Amino acid sequence: MRKALIVGVNDYPFAPLYGCVNDAIEVASVFEVNGDGSPNFSVKLLTDPPHKITRASLRELIESLFEGDAEVALFYFSGHGLIKPTGGYIVTADSKRYDEGLSMDEILTVANNSKARDKIIILDCCHSGAFASPALTGSSAAFLGDGLTVLTASRASEYALEKGGSGVFTALLVDALRGGAADLRGFITPGNLYSYVDSALGAWEQRPIFKTNVSRFTPLRKINPPVALETLRKIKDYFSSPEEQFKLDPSFEFTSDSPNEDNVRIFKDLQKFESVGLVKPVDEEHMYFAAMNSKSCRLTALGYHYWRLVDEKKI
């Protein structure tokens, strides 16, 4: 069982926001199904408006999310965040002075105590990097329990910005989940998400924070891979060892004077491998010229990685 609580709050009494509800709706829709339309997370979406998200109601939902032994329990929040001497807080719609919202330490304690195999917390709010930061509170709750991963929009000292009606962080997150962060098997893991978002934000912009205590990454979403897996598995048929070069000649190119049907079929696979960075021509800029000039092609470092996965029967 994979379940997700997605929360977006716009309707604050002191400083309303405008993109958080739309962000939550976008995140919920992309998490609900995989790229092929198959079910992914069972999503509970809560936005204010139309609902009134109070500190008590949000605490109840978070505790319900992390109850039981789900495969993955995921919490996403978009709204205001606050930093105080006592730590970080996510701000609820019933916020008032000295009672602004739900303590990040409290959320962390609930997640740490959960029996879910993987716990994922994604925060798009100002000062979200305060989550699980022992330097702020000195609390033992700040340590991440086994299977917990945290991805935040900004450092503890930073604001999380909106642009064009959406959070900068969430816009990148959604792009990553739609396929931008997928590996060649079509898997999108928390590490992939962070790498995608991190590389898209410059040194002078808000900086996302990634914290984890896992021994392996569980995919959060799957898309159709750019190269069909049955084709990807052929990489070991074409390269019996990762150091081997595959010899080409004009018979592999269908526009040549003497194409060979079997060779042309193989060459199409090799060209697909080149398009995703697994193979490169030797002493030529393009695969076409490697074939026409009877050169060869070889695996890249990434190609060796996937060759090894096929060899170990992990694909």
# chains A, B, ... in the order shown; residues from 1 in each chain; ligands from 1

call {"tool": "select_by_dssp", "arguments": {"residues": "range 250-299 of chain A", "states": "strand (DSSP E or B)", "output": "PyMOL selection string"}}
result
chain A and resi 279-282+296-299

call {"tool": "closest_atom_pairs", "arguments": {"of": "range 110-138 of chain A", "to": "range 4-22 of chain A", "cutoff": "10 Å", "atoms": "only C-alpha atoms", "output": "JSON lines"}}
result
{"residue": "A:Lys119", "atom": "CA", "partner": "A:Ala4", "partner_atom": "CA", "distance": 10.0}
{"residue": "A:Ile120", "atom": "CA", "partner": "A:Ala4", "partner_atom": "CA", "distance": 9.0}
{"residue": "A:Ile121", "atom": "CA", "partner": "A:Leu5", "partner_atom": "CA", "distance": 9.8}
{"residue": "A:Ile122", "atom": "CA", "partner": "A:Ile6", "partner_atom": "CA", "distance": 9.5}
{"residue": "A:Leu123", "atom": "CA", "partner": "A:Val7", "partner_atom": "CA", "distance": 9.8}
{"residue": "A:Asp124", "atom": "CA", "partner": "A:Cys20", "partner_atom": "CA", "distance": 8.7}
{"residue": "A:Cys125", "atom": "CA", "partner": "A:Cys20", "partner_atom": "CA", "distance": 9.3}

call {"tool": "write_last_selection", "arguments": {"atoms": "N, CA and C atoms", "output": "mmCIF file, in the first residue's frame"}}
result
data_model
loop_
_atom_site.group_PDB
_atom_site.id
_atom_site.type_symbol
_atom_site.label_atom_id
_atom_site.label_comp_id
_atom_site.auth_asym_id
_atom_site.auth_seq_id
_atom_site.Cartn_x
_atom_site.Cartn_y
_atom_site.Cartn_z
ATOM 1 N N LYS A 119 9.202 6.472 4.475
ATOM 2 C CA LYS A 119 8.505 7.702 4.841
ATOM 3 C C LYS A 119 9.120 8.852 4.051
ATOM 4 N N ILE A 120 8.287 9.573 3.318
ATOM 5 C CA ILE A 120 8.766 10.680 2.483
ATOM 6 C C ILE A 120 8.066 11.954 2.922
ATOM 7 N N ILE A 121 8.834 13.000 3.205
ATOM 8 C CA ILE A 121 8.268 14.299 3.567
ATOM 9 C C ILE A 121 8.817 15.347 2.608
ATOM 10 N N ILE A 122 7.904 16.047 1.932
ATOM 11 C CA ILE A 122 8.268 17.065 0.938
ATOM 12 C C ILE A 122 7.591 18.372 1.344
ATOM 13 N N LEU A 123 8.395 19.384 1.592
ATOM 14 C CA LEU A 123 7.863 20.661 2.074
ATOM 15 C C LEU A 123 8.225 21.791 1.121
ATOM 16 N N ASP A 124 7.200 22.493 0.633
ATOM 17 C CA ASP A 124 7.421 23.708 -0.160
ATOM 18 C C ASP A 124 6.892 24.884 0.643
ATOM 19 N N CYS A 125 7.728 25.346 1.557
ATOM 20 C CA CYS A 125 7.366 26.487 2.387
ATOM 21 C C CYS A 125 8.645 27.193 2.825
#

call {"tool": "select_by_dssp", "arguments": {"residues": "range 162-295 of chain A", "states": "alpha helix (DSSP H)", "output": "PyMOL selection string"}}
result
chain A and resi 168-175+190-200+229-232+235-238+261-275+287-292

call {"tool": "residues_around", "arguments": {"residues": "Glu60 in chain A", "least_positions_apart": "4", "cutoff": "12 Å", "atoms": "only C-alpha atoms", "output": "ChimeraX atom specification"}}
result
/A:5,53-56,64-67,102,106-107,110

call {"tool": "write_last_selection", "arguments": {"atoms": "C-alpha atoms", "output": "PDB file, in the first residue's frame"}}
result
ATOM      1  CA  LEU A   5      -1.320  13.172   2.088  1.00  0.00           C
ATOM      2  CA  ILE A  53      -6.982  23.309   7.671  1.00  0.00           C
ATOM      3  CA  THR A  54      -6.345  23.790  11.365  1.00  0.00           C
ATOM      4  CA  ARG A  55      -3.420  22.649  13.434  1.00  0.00           C
ATOM      5  CA  ALA A  56      -5.553  19.947  15.084  1.00  0.00           C
ATOM      6  CA  SER A  64      -3.332   8.768  10.261  1.00  0.00           C
ATOM      7  CA  LEU A  65      -0.960   8.881   7.289  1.00  0.00           C
ATOM      8  CA  PHE A  66       1.932   7.387   9.224  1.00  0.00           C
ATOM      9  CA  GLU A  67      -0.145   4.744  11.026  1.00  0.00           C
ATOM     10  CA  LEU A 102       2.422  22.533  13.617  1.00  0.00           C
ATOM     11  CA  GLU A 106       6.389  17.031  16.070  1.00  0.00           C
ATOM     12  CA  ILE A 107       5.852  15.866  12.502  1.00  0.00           C
ATOM     13  CA  VAL A 110       5.404  10.942  14.179  1.00  0.00           C
TER      14      VAL A 110
END

call {"tool": "closest_atom_pairs", "arguments": {"of": "range 94-189 of chain A", "to": "range 256-280 of chain A", "cutoff": "12 Å", "atoms": "only C-alpha atoms", "output": "Markdown table"}}
result
| residue | atom | partner | partner_atom | distance |
| --- | --- | --- | --- | --- |
| A:Ala182 | CA | A:Val276 | CA | 11.8 |
| A:Asp183 | CA | A:Val276 | CA | 10.0 |
| A:Leu184 | CA | A:Val276 | CA | 7.9 |
| A:Arg185 | CA | A:Val276 | CA | 11.5 |

call {"tool": "write_last_selection", "arguments": {"atoms": "N, CA and C atoms", "output": "mmCIF file, in the first residue's frame"}}
result
data_model
loop_
_atom_site.group_PDB
_atom_site.id
_atom_site.type_symbol
_atom_site.label_atom_id
_atom_site.label_comp_id
_atom_site.auth_asym_id
_atom_site.auth_seq_id
_atom_site.Cartn_x
_atom_site.Cartn_y
_atom_site.Cartn_z
ATOM 1 N N ALA A 182 13.548 10.753 -14.412
ATOM 2 C CA ALA A 182 13.507 9.291 -14.542
ATOM 3 C C ALA A 182 14.843 8.733 -15.009
ATOM 4 N N ASP A 183 15.166 7.538 -14.540
ATOM 5 C CA ASP A 183 16.328 6.842 -15.078
ATOM 6 C C ASP A 183 15.892 6.050 -16.312
ATOM 7 N N LEU A 184 16.804 5.284 -16.891
ATOM 8 C CA LEU A 184 16.495 4.608 -18.152
ATOM 9 C C LEU A 184 15.530 3.448 -17.986
ATOM 10 N N ARG A 185 15.251 3.063 -16.749
ATOM 11 C CA ARG A 185 14.220 2.051 -16.502
ATOM 12 C C ARG A 185 12.846 2.691 -16.294
#

call {"tool": "decode", "arguments": {"residues": "range 181-273 of chain A", "atoms": "C-alpha atoms", "output": "mmCIF file, in the first residue's frame"}}
result
data_model
loop_
_atom_site.group_PDB
_atom_site.id
_atom_site.type_symbol
_atom_site.label_atom_id
_atom_site.label_comp_id
_atom_site.auth_asym_id
_atom_site.auth_seq_id
_atom_site.Cartn_x
_atom_site.Cartn_y
_atom_site.Cartn_z
ATOM 1 C CA ALA A 181 14.118 12.833 -13.274
ATOM 2 C CA ALA A 182 13.507 9.291 -14.542
ATOM 3 C CA ASP A 183 16.328 6.842 -15.078
ATOM 4 C CA LEU A 184 16.495 4.608 -18.152
ATOM 5 C CA ARG A 185 14.220 2.051 -16.502
ATOM 6 C CA GLY A 186 11.572 4.727 -16.032
ATOM 7 C CA PHE A 187 12.045 4.887 -12.234
ATOM 8 C CA ILE A 188 11.852 8.202 -10.351
ATOM 9 C CA THR A 189 13.368 8.019 -6.868
ATOM 10 C CA PRO A 190 13.718 10.692 -4.161
ATOM 11 C CA GLY A 191 17.401 11.000 -5.048
ATOM 12 C CA ASN A 192 16.504 11.585 -8.713
ATOM 13 C CA LEU A 193 14.032 14.289 -7.670
ATOM 14 C CA TYR A 194 16.592 16.150 -5.609
ATOM 15 C CA SER A 195 19.234 15.950 -8.312
ATOM 16 C CA TYR A 196 16.811 17.380 -10.878
ATOM 17 C CA VAL A 197 15.638 20.252 -8.665
ATOM 18 C CA ASP A 198 19.128 20.991 -7.362
ATOM 19 C CA SER A 199 20.619 21.248 -10.862
ATOM 20 C CA ALA A 200 17.841 23.594 -12.028
ATOM 21 C CA LEU A 201 18.352 26.175 -9.262
ATOM 22 C CA GLY A 202 21.329 28.500 -9.377
ATOM 23 C CA ALA A 203 23.786 29.318 -6.628
ATOM 24 C CA TRP A 204 22.026 32.611 -5.834
ATOM 25 C CA GLU A 205 18.519 31.143 -5.715
ATOM 26 C CA GLN A 206 16.753 29.256 -2.941
ATOM 27 C CA ARG A 207 18.595 25.999 -2.309
ATOM 28 C CA PRO A 208 16.671 22.750 -1.836
ATOM 29 C CA ILE A 209 17.689 20.475 1.023
ATOM 30 C CA PHE A 210 17.786 16.671 0.896
ATOM 31 C CA LYS A 211 18.110 14.470 3.981
ATOM 32 C CA THR A 212 17.736 10.719 4.075
ATOM 33 C CA ASN A 213 18.356 7.618 6.123
ATOM 34 C CA VAL A 214 17.694 4.750 3.739
ATOM 35 C CA SER A 215 19.621 1.748 2.470
ATOM 36 C CA ARG A 216 17.859 1.819 -0.914
ATOM 37 C CA PHE A 217 15.612 4.207 -2.810
ATOM 38 C CA THR A 218 12.038 3.137 -3.533
ATOM 39 C CA PRO A 219 10.688 4.589 -6.798
ATOM 40 C CA LEU A 220 8.015 7.206 -6.154
ATOM 41 C CA ARG A 221 6.693 7.021 -9.713
ATOM 42 C CA LYS A 222 7.306 5.095 -12.914
ATOM 43 C CA ILE A 223 7.073 6.300 -16.489
ATOM 44 C CA ASN A 224 7.478 4.499 -19.783
ATOM 45 C CA PRO A 225 11.257 4.152 -20.238
ATOM 46 C CA PRO A 226 12.864 6.001 -23.174
ATOM 47 C CA VAL A 227 14.253 2.666 -24.406
ATOM 48 C CA ALA A 228 12.034 -0.395 -24.043
ATOM 49 C CA LEU A 229 13.424 -2.737 -21.401
ATOM 50 C CA GLU A 230 13.497 -5.669 -23.810
ATOM 51 C CA THR A 231 15.726 -3.555 -26.061
ATOM 52 C CA LEU A 232 17.864 -2.384 -23.135
ATOM 53 C CA ARG A 233 18.540 -5.996 -22.172
ATOM 54 C CA LYS A 234 20.135 -6.576 -25.576
ATOM 55 C CA ILE A 235 23.074 -4.393 -24.560
ATOM 56 C CA LYS A 236 24.848 -7.506 -23.292
ATOM 57 C CA ASP A 237 24.148 -9.333 -26.564
ATOM 58 C CA TYR A 238 25.940 -6.601 -28.508
ATOM 59 C CA PHE A 239 28.775 -6.134 -26.011
ATOM 60 C CA SER A 240 29.904 -9.421 -24.456
ATOM 61 C CA SER A 241 32.192 -7.420 -22.164
ATOM 62 C CA PRO A 242 32.005 -3.735 -21.191
ATOM 63 C CA GLU A 243 35.393 -3.035 -22.782
ATOM 64 C CA GLU A 244 34.469 -4.557 -26.136
ATOM 65 C CA GLN A 245 33.911 -2.412 -29.211
ATOM 66 C CA PHE A 246 31.136 -3.271 -31.645
ATOM 67 C CA LYS A 247 32.456 -3.302 -35.200
ATOM 68 C CA LEU A 248 30.337 -1.526 -37.803
ATOM 69 C CA ASP A 249 30.306 -1.346 -41.580
ATOM 70 C CA PRO A 250 28.007 0.133 -44.283
ATOM 71 C CA SER A 251 25.678 -2.896 -44.162
ATOM 72 C CA PHE A 252 24.337 -1.580 -40.836
ATOM 73 C CA GLU A 253 23.059 1.660 -42.410
ATOM 74 C CA PHE A 254 19.805 1.235 -44.371
ATOM 75 C CA THR A 255 20.673 4.061 -46.805
ATOM 76 C CA SER A 256 23.913 2.415 -47.904
ATOM 77 C CA ASP A 257 24.329 0.527 -51.170
ATOM 78 C CA SER A 258 24.373 -2.846 -49.411
ATOM 79 C CA PRO A 259 22.201 -2.845 -46.290
ATOM 80 C CA ASN A 260 21.753 -6.077 -44.364
ATOM 81 C CA GLU A 261 18.321 -6.471 -42.767
ATOM 82 C CA ASP A 262 19.626 -8.047 -39.541
ATOM 83 C CA ASN A 263 22.426 -5.512 -39.216
ATOM 84 C CA VAL A 264 20.052 -2.608 -39.829
ATOM 85 C CA ARG A 265 17.837 -3.854 -37.003
ATOM 86 C CA ILE A 266 20.841 -4.074 -34.661
ATOM 87 C CA PHE A 267 22.021 -0.621 -35.697
ATOM 88 C CA LYS A 268 18.648 0.883 -34.782
ATOM 89 C CA ASP A 269 19.075 -0.514 -31.279
ATOM 90 C CA LEU A 270 22.597 0.885 -31.054
ATOM 91 C CA GLN A 271 21.355 4.286 -32.189
ATOM 92 C CA LYS A 272 18.709 4.198 -29.458
ATOM 93 C CA PHE A 273 21.464 3.438 -26.967
#
